[in-house]
$ cat structure_39.txt   # compact mmCIF, C-alpha atoms
# COMPACT_ATOMS: atom_id res chain seq x y z
CA MET A 259 -9.54 17.18 -16.56
CA ASP A 260 -10.18 18.28 -12.97
CA ASP A 261 -8.47 20.96 -10.86
CA ALA A 262 -5.69 18.58 -9.83
CA GLY A 263 -5.00 17.69 -13.45
CA PHE A 264 -4.67 21.32 -14.49
CA MET A 265 -2.49 21.99 -11.46
CA ARG A 266 -0.18 19.20 -12.63
CA VAL A 267 0.21 21.06 -15.92
CA ALA A 268 1.06 24.21 -13.96
CA LEU A 269 3.57 22.20 -11.88
CA ALA A 270 5.27 21.09 -15.10
CA GLU A 271 5.60 24.77 -16.04
CA ALA A 272 7.07 25.48 -12.59
CA ALA A 273 9.65 22.74 -13.15
CA LYS A 274 10.66 24.45 -16.42
CA ALA A 275 11.25 27.68 -14.52
CA ALA A 276 13.40 25.85 -11.98
CA GLY A 277 15.43 24.35 -14.83
CA ARG A 278 16.23 27.89 -16.00
CA GLY A 279 17.22 28.97 -12.49
CA GLU A 280 13.98 30.91 -11.93
CA VAL A 281 11.82 30.51 -8.83
CA PRO A 282 9.61 27.52 -9.72
CA VAL A 283 6.15 28.95 -10.25
CA GLY A 284 3.93 27.85 -13.10
CA ALA A 285 0.52 28.91 -14.35
CA VAL A 286 -2.03 27.83 -16.93
CA VAL A 287 -5.16 29.48 -18.28
CA VAL A 288 -8.03 27.11 -18.97
CA ARG A 289 -11.11 27.73 -21.12
CA ALA A 290 -13.87 25.18 -21.61
CA GLY A 291 -11.76 22.42 -20.08
CA ARG A 292 -8.70 23.02 -22.28
CA VAL A 293 -5.38 24.71 -21.57
CA VAL A 294 -5.20 27.80 -23.78
CA ALA A 295 -2.01 29.35 -22.38
CA ARG A 296 0.92 28.43 -20.15
CA GLY A 297 3.46 30.46 -18.29
CA SER A 298 6.38 30.04 -15.96
CA ASN A 299 8.40 32.52 -13.94
CA ARG A 300 10.93 34.46 -16.01
CA PRO A 301 11.77 37.75 -14.27
CA GLU A 302 15.50 36.91 -14.23
CA ALA A 303 15.75 35.93 -17.90
CA ALA A 304 13.51 38.77 -19.07
CA SER A 305 14.94 41.39 -16.68
CA ASP A 306 11.30 42.13 -15.99
CA PRO A 307 9.83 42.31 -12.49
CA THR A 308 6.36 41.68 -13.93
CA ALA A 309 7.31 38.42 -15.68
CA HIS A 310 5.63 36.23 -13.07
CA ALA A 311 4.09 32.98 -14.30
CA GLU A 312 0.54 34.31 -13.95
CA ILE A 313 1.27 37.46 -15.96
CA VAL A 314 3.02 35.45 -18.70
CA ALA A 315 0.07 33.04 -18.97
CA LEU A 316 -2.56 35.80 -18.89
CA ARG A 317 -0.75 37.78 -21.60
CA ARG A 318 -0.58 34.73 -23.85
CA ALA A 319 -4.25 33.88 -23.27
CA ALA A 320 -5.31 37.47 -23.97
CA ARG A 321 -3.31 37.54 -27.22
CA LYS A 322 -4.97 34.30 -28.36
CA ALA A 323 -8.42 35.60 -27.41
CA GLY A 324 -7.83 39.00 -28.98
CA ASN A 325 -9.13 40.56 -25.78
CA TYR A 326 -7.66 41.23 -22.35
CA ARG A 327 -10.93 40.15 -20.74
CA LEU A 328 -11.04 36.43 -20.04
CA PRO A 329 -14.34 35.95 -18.17
CA ASP A 330 -14.80 32.37 -19.33
CA CYS A 331 -11.31 31.33 -18.19
CA ASP A 332 -9.80 29.84 -15.06
CA LEU A 333 -6.26 30.59 -13.90
CA PHE A 334 -4.29 27.83 -12.19
CA VAL A 335 -1.06 28.78 -10.43
CA THR A 336 1.21 26.65 -8.28
CA VAL A 337 1.69 29.28 -5.56
CA GLU A 338 -0.64 31.82 -3.94
CA PRO A 339 -0.49 34.94 -6.12
CA CYS A 340 1.14 38.18 -5.06
CA ALA A 341 -0.87 41.41 -5.15
CA MET A 342 0.34 42.27 -8.66
CA CYS A 343 -0.70 38.92 -10.11
CA LEU A 344 -4.00 38.90 -8.29
CA GLY A 345 -4.66 42.39 -9.63
CA ALA A 346 -3.92 41.17 -13.15
CA ALA A 347 -6.36 38.27 -12.70
CA VAL A 348 -9.03 40.72 -11.56
CA GLN A 349 -8.34 43.02 -14.54
CA ALA A 350 -8.57 40.00 -16.87
CA ARG A 351 -11.85 39.09 -15.15
CA VAL A 352 -10.93 35.44 -14.84
CA ARG A 353 -13.80 33.35 -13.55
CA ARG A 354 -11.78 31.23 -11.10
CA LEU A 355 -8.33 31.46 -9.61
CA VAL A 356 -6.99 28.13 -8.33
CA PHE A 357 -3.67 28.00 -6.49
CA GLY A 358 -1.52 25.37 -4.84
CA ALA A 359 0.80 26.29 -1.97
CA PRO A 360 0.43 29.36 0.22
CA ASP A 361 3.15 32.01 -0.10
CA PRO A 362 4.19 33.23 3.36
CA LYS A 363 6.39 35.98 1.87
CA ALA A 364 4.18 37.56 -0.80
CA GLY A 365 0.77 35.83 -0.88
CA ALA A 366 -2.15 38.20 -1.33
CA LEU A 367 -4.96 35.76 -0.52
CA GLY A 368 -4.43 35.45 3.21
CA SER A 369 -0.74 34.70 3.78
CA VAL A 370 0.72 38.22 3.84
CA MET A 371 -2.37 40.22 3.04
CA ASP A 372 -6.02 39.76 2.21
CA PHE A 373 -6.45 41.40 -1.16
CA PRO A 374 -8.86 44.33 -0.74
CA PHE A 375 -11.51 43.38 -3.32
CA GLY A 376 -13.84 45.92 -1.71
CA ARG A 377 -15.82 47.70 -4.37
CA LEU A 378 -13.99 46.27 -7.37
CA ASN A 379 -16.31 45.32 -10.20
CA HIS A 380 -14.95 41.77 -10.38
CA ARG A 381 -13.99 39.13 -7.88
CA PRO A 382 -12.95 35.69 -9.12
CA GLU A 383 -13.91 32.56 -7.27
CA VAL A 384 -10.78 31.51 -5.33
CA VAL A 385 -9.78 27.94 -4.54
CA GLY A 386 -6.55 27.30 -2.63
CA GLY A 387 -4.56 24.28 -1.58
CA VAL A 388 -4.81 22.20 -4.78
CA LEU A 389 -1.73 19.93 -4.80
CA ALA A 390 -0.21 22.29 -2.23
CA GLY A 391 2.23 19.64 -1.01
CA GLU A 392 3.72 19.09 -4.46
CA ALA A 393 4.01 22.81 -5.13
CA ALA A 394 5.62 23.48 -1.75
CA ALA A 395 8.06 20.58 -2.23
CA LEU A 396 9.19 21.99 -5.57
CA LEU A 397 9.86 25.38 -3.98
CA LYS A 398 11.67 23.90 -0.98
CA ALA A 399 13.91 21.77 -3.19
CA PHE A 400 14.75 24.78 -5.37
CA PHE A 401 15.73 27.01 -2.44
CA ARG A 402 17.58 24.18 -0.69
CA ALA A 403 19.71 23.67 -3.81
CA ARG A 404 20.25 27.42 -4.15
CA ARG A 405 21.52 27.67 -0.55
CA LYS A 406 23.96 24.79 -1.13
CA THR A 407 25.56 26.56 -4.10
CA ALA A 408 25.68 29.95 -2.37

$ encode --input "structure_39.txt" --output "C-alpha cells"
Amino acid sequence: MDDAGFMRVALAEAAKAAGRGEVPVGAVVVRAGRVVARGSNRPEAASDPTAHAEIVALRRAARKAGNYRLPDCDLFVTVEPCAMCLGAAVQARVRRLVFGAPDPKAGALGSVMDFPFGRLNHRPEVVGGVLAGEAAALLKAFFRARRKTA
C-alpha cells in the first residue's frame, strides 16, 4: 500500500471519531508496509486532553512492540499534528510522519508554528498534503454540522 492508501485507513479512523462526536482526526502506525496500530480522537470521551489520534495510535503501537521507540515505523495522520503530538512522534523516534490537511489553528509543522527540532536527537522525515482535500472536507463537514446544532 502507498501513502495514499494508508491515509485512507487514517481517514476511516477520523470518520469513527466524527461518529462519536469527536473532532475527526485519525492516525495509523505502519511498520514494514502493514498497519500495526490505529487511533482516532477521543479527548471528549476519555476526558483526556492528550487523547489525540496520534497519541492513541503511538501508545497502541508501543504496547504491541514492547518498546516506546518505533524507529522502523511511519505515522500517518489526517491533520497536521499539534506540538504535543509532534513531540510524541519525536520521542517515539518514528521514521516518517505523513499528514493530510494543514491545521491553521494548532499545526506545528508550518501552519501555526515551525516545530523547533533544533538540537533534538531525532527528526522524522515529514510529508504533508497527502489526501489533504479529503481530510479537510471531513473536518469542514463536521464543524458545519456542529454549528447547525448549536

$ axis_aligned_box --input "structure_39.txt" --around "region 315-330 of chain A" --padding-each-side "5 Å" --output "AutoDock Vina command-line options"
--center_x -7.4 --center_y 36.8 --center_z -23.6 --size_x 24.9 --size_y 18.9 --size_z 20.8

$ closest_residue --input "structure_39.txt" --among "A:Ala262, A:Ala304, A:Cys331, A:Met342" --to "Gly291 (chain A)" --atoms "only C-alpha atoms"
A:Cys331

$ atom_distance --input "structure_39.txt" --atom1 "CA of Ala285 (chain A)" --atom2 "CA of Arg377 (chain A)"
26.8 Å

$ residues_near_point --input "structure_39.txt" --point "(-10.2, 29.0, -5.2)" --cutoff "7 Å" --atoms "all atoms listed in the file" --output "PyMOL selection string"
chain A and resi 354-357+383-386

$ residues_around --input "structure_39.txt" --residues "region 292-297 of chain A" --least-positions-apart "2" --cutoff "12 Å" --atoms "only C-alpha atoms" --output "MDAnalysis selection string"
chainID A and resid 259:261 263:275 282:290 299:301 309:323 328 330:336

$ closest_residue --input "structure_39.txt" --among "A:Cys340, A:Ala399, A:Val348, A:Leu367" --to "Arg381 (chain A)" --atoms "only C-alpha atoms"
A:Val348

$ closest_residue --input "structure_39.txt" --among "A:Ala359, A:Ala403, A:Val281, A:Ala395" --to "Val337 (chain A)" --atoms "only C-alpha atoms"
A:Ala359

$ closest_residue --input "structure_39.txt" --among "A:His380, A:Val388, A:Gly324, A:Ala341" --to "Gly358 (chain A)" --atoms "all atoms listed in the file"
A:Val388

$ atom_distance --input "structure_39.txt" --atom1 "CA of Gly376 (chain A)" --atom2 "CA of Pro307 (chain A)"
26.3 Å

$ atom_distance --input "structure_39.txt" --atom1 "CA of Ala346 (chain A)" --atom2 "CA of Ala390 (chain A)"
22.1 Å

$ build_atoms --input "structure_39.txt" --residues "region 276-287 of chain A" --atoms "all heavy atoms" --output "PDB file, keeping the file's coordinate frame"
ATOM      1  N   ALA A 276      12.297  26.292 -12.829  1.00  0.00           N
ATOM      2  CA  ALA A 276      13.400  25.850 -11.980  1.00  0.00           C
ATOM      3  C   ALA A 276      14.602  25.439 -12.824  1.00  0.00           C
ATOM      4  O   ALA A 276      15.750  25.750 -12.474  1.00  0.00           O
ATOM      5  CB  ALA A 276      12.958  24.693 -11.084  1.00  0.00           C
ATOM      6  N   GLY A 277      14.352  24.774 -13.935  1.00  0.00           N
ATOM      7  CA  GLY A 277      15.430  24.350 -14.830  1.00  0.00           C
ATOM      8  C   GLY A 277      16.196  25.519 -15.419  1.00  0.00           C
ATOM      9  O   GLY A 277      17.362  25.374 -15.794  1.00  0.00           O
ATOM     10  N   ARG A 278      15.559  26.678 -15.493  1.00  0.00           N
ATOM     11  CA  ARG A 278      16.230  27.890 -16.000  1.00  0.00           C
ATOM     12  C   ARG A 278      16.826  28.713 -14.869  1.00  0.00           C
ATOM     13  O   ARG A 278      17.340  29.804 -15.098  1.00  0.00           O
ATOM     14  CB  ARG A 278      15.230  28.771 -16.763  1.00  0.00           C
ATOM     15  CG  ARG A 278      14.687  28.186 -18.034  1.00  0.00           C
ATOM     16  CD  ARG A 278      13.905  29.236 -18.839  1.00  0.00           C
ATOM     17  NE  ARG A 278      12.903  29.926 -18.059  1.00  0.00           N
ATOM     18  CZ  ARG A 278      11.636  29.550 -17.915  1.00  0.00           C
ATOM     19  NH1 ARG A 278      11.209  28.456 -18.508  1.00  0.00           N
ATOM     20  NH2 ARG A 278      10.796  30.259 -17.188  1.00  0.00           N
ATOM     21  N   GLY A 279      16.696  28.226 -13.622  1.00  0.00           N
ATOM     22  CA  GLY A 279      17.220  28.970 -12.490  1.00  0.00           C
ATOM     23  C   GLY A 279      16.263  30.013 -11.942  1.00  0.00           C
ATOM     24  O   GLY A 279      16.640  30.836 -11.113  1.00  0.00           O
ATOM     25  N   GLU A 280      15.014  29.987 -12.405  1.00  0.00           N
ATOM     26  CA  GLU A 280      13.980  30.910 -11.930  1.00  0.00           C
ATOM     27  C   GLU A 280      13.231  30.255 -10.778  1.00  0.00           C
ATOM     28  O   GLU A 280      13.165  29.029 -10.682  1.00  0.00           O
ATOM     29  CB  GLU A 280      12.975  31.221 -13.041  1.00  0.00           C
ATOM     30  CG  GLU A 280      13.572  31.834 -14.290  1.00  0.00           C
ATOM     31  CD  GLU A 280      13.691  33.350 -14.244  1.00  0.00           C
ATOM     32  OE1 GLU A 280      13.385  33.961 -13.201  1.00  0.00           O
ATOM     33  OE2 GLU A 280      14.104  33.921 -15.271  1.00  0.00           O
ATOM     34  N   VAL A 281      12.645  31.046  -9.906  1.00  0.00           N
ATOM     35  CA  VAL A 281      11.820  30.510  -8.830  1.00  0.00           C
ATOM     36  C   VAL A 281      10.711  29.682  -9.478  1.00  0.00           C
ATOM     37  O   VAL A 281      10.038  30.150 -10.404  1.00  0.00           O
ATOM     38  CB  VAL A 281      11.228  31.641  -7.957  1.00  0.00           C
ATOM     39  CG1 VAL A 281      10.264  31.080  -6.925  1.00  0.00           C
ATOM     40  CG2 VAL A 281      12.354  32.409  -7.272  1.00  0.00           C
ATOM     41  N   PRO A 282      10.532  28.434  -9.038  1.00  0.00           N
ATOM     42  CA  PRO A 282       9.610  27.520  -9.720  1.00  0.00           C
ATOM     43  C   PRO A 282       8.137  27.797  -9.450  1.00  0.00           C
ATOM     44  O   PRO A 282       7.529  27.239  -8.547  1.00  0.00           O
ATOM     45  CB  PRO A 282      10.024  26.144  -9.189  1.00  0.00           C
ATOM     46  CG  PRO A 282      10.593  26.416  -7.853  1.00  0.00           C
ATOM     47  CD  PRO A 282      11.256  27.759  -7.954  1.00  0.00           C
ATOM     48  N   VAL A 283       7.588  28.673 -10.268  1.00  0.00           N
ATOM     49  CA  VAL A 283       6.150  28.950 -10.250  1.00  0.00           C
ATOM     50  C   VAL A 283       5.648  28.775 -11.670  1.00  0.00           C
ATOM     51  O   VAL A 283       6.275  29.251 -12.618  1.00  0.00           O
ATOM     52  CB  VAL A 283       5.853  30.377  -9.742  1.00  0.00           C
ATOM     53  CG1 VAL A 283       4.343  30.641  -9.750  1.00  0.00           C
ATOM     54  CG2 VAL A 283       6.421  30.588  -8.344  1.00  0.00           C
ATOM     55  N   GLY A 284       4.530  28.076 -11.795  1.00  0.00           N
ATOM     56  CA  GLY A 284       3.930  27.850 -13.100  1.00  0.00           C
ATOM     57  C   GLY A 284       2.456  28.202 -13.077  1.00  0.00           C
ATOM     58  O   GLY A 284       1.818  28.169 -12.023  1.00  0.00           O
ATOM     59  N   ALA A 285       1.928  28.548 -14.246  1.00  0.00           N
ATOM     60  CA  ALA A 285       0.520  28.910 -14.350  1.00  0.00           C
ATOM     61  C   ALA A 285      -0.037  28.439 -15.688  1.00  0.00           C
ATOM     62  O   ALA A 285       0.696  28.359 -16.682  1.00  0.00           O
ATOM     63  CB  ALA A 285       0.350  30.427 -14.231  1.00  0.00           C
ATOM     64  N   VAL A 286      -1.329  28.147 -15.695  1.00  0.00           N
ATOM     65  CA  VAL A 286      -2.030  27.830 -16.930  1.00  0.00           C
ATOM     66  C   VAL A 286      -3.387  28.526 -16.913  1.00  0.00           C
ATOM     67  O   VAL A 286      -3.995  28.701 -15.864  1.00  0.00           O
ATOM     68  CB  VAL A 286      -2.214  26.318 -17.174  1.00  0.00           C
ATOM     69  CG1 VAL A 286      -0.879  25.627 -17.378  1.00  0.00           C
ATOM     70  CG2 VAL A 286      -2.986  25.657 -16.067  1.00  0.00           C
ATOM     71  N   VAL A 287      -3.829  28.916 -18.098  1.00  0.00           N
ATOM     72  CA  VAL A 287      -5.160  29.480 -18.280  1.00  0.00           C
ATOM     73  C   VAL A 287      -5.982  28.427 -19.003  1.00  0.00           C
ATOM     74  O   VAL A 287      -5.539  27.868 -20.016  1.00  0.00           O
ATOM     75  CB  VAL A 287      -5.122  30.798 -19.076  1.00  0.00           C
ATOM     76  CG1 VAL A 287      -6.530  31.327 -19.324  1.00  0.00           C
ATOM     77  CG2 VAL A 287      -4.282  31.847 -18.342  1.00  0.00           C
TER      78      VAL A 287
END
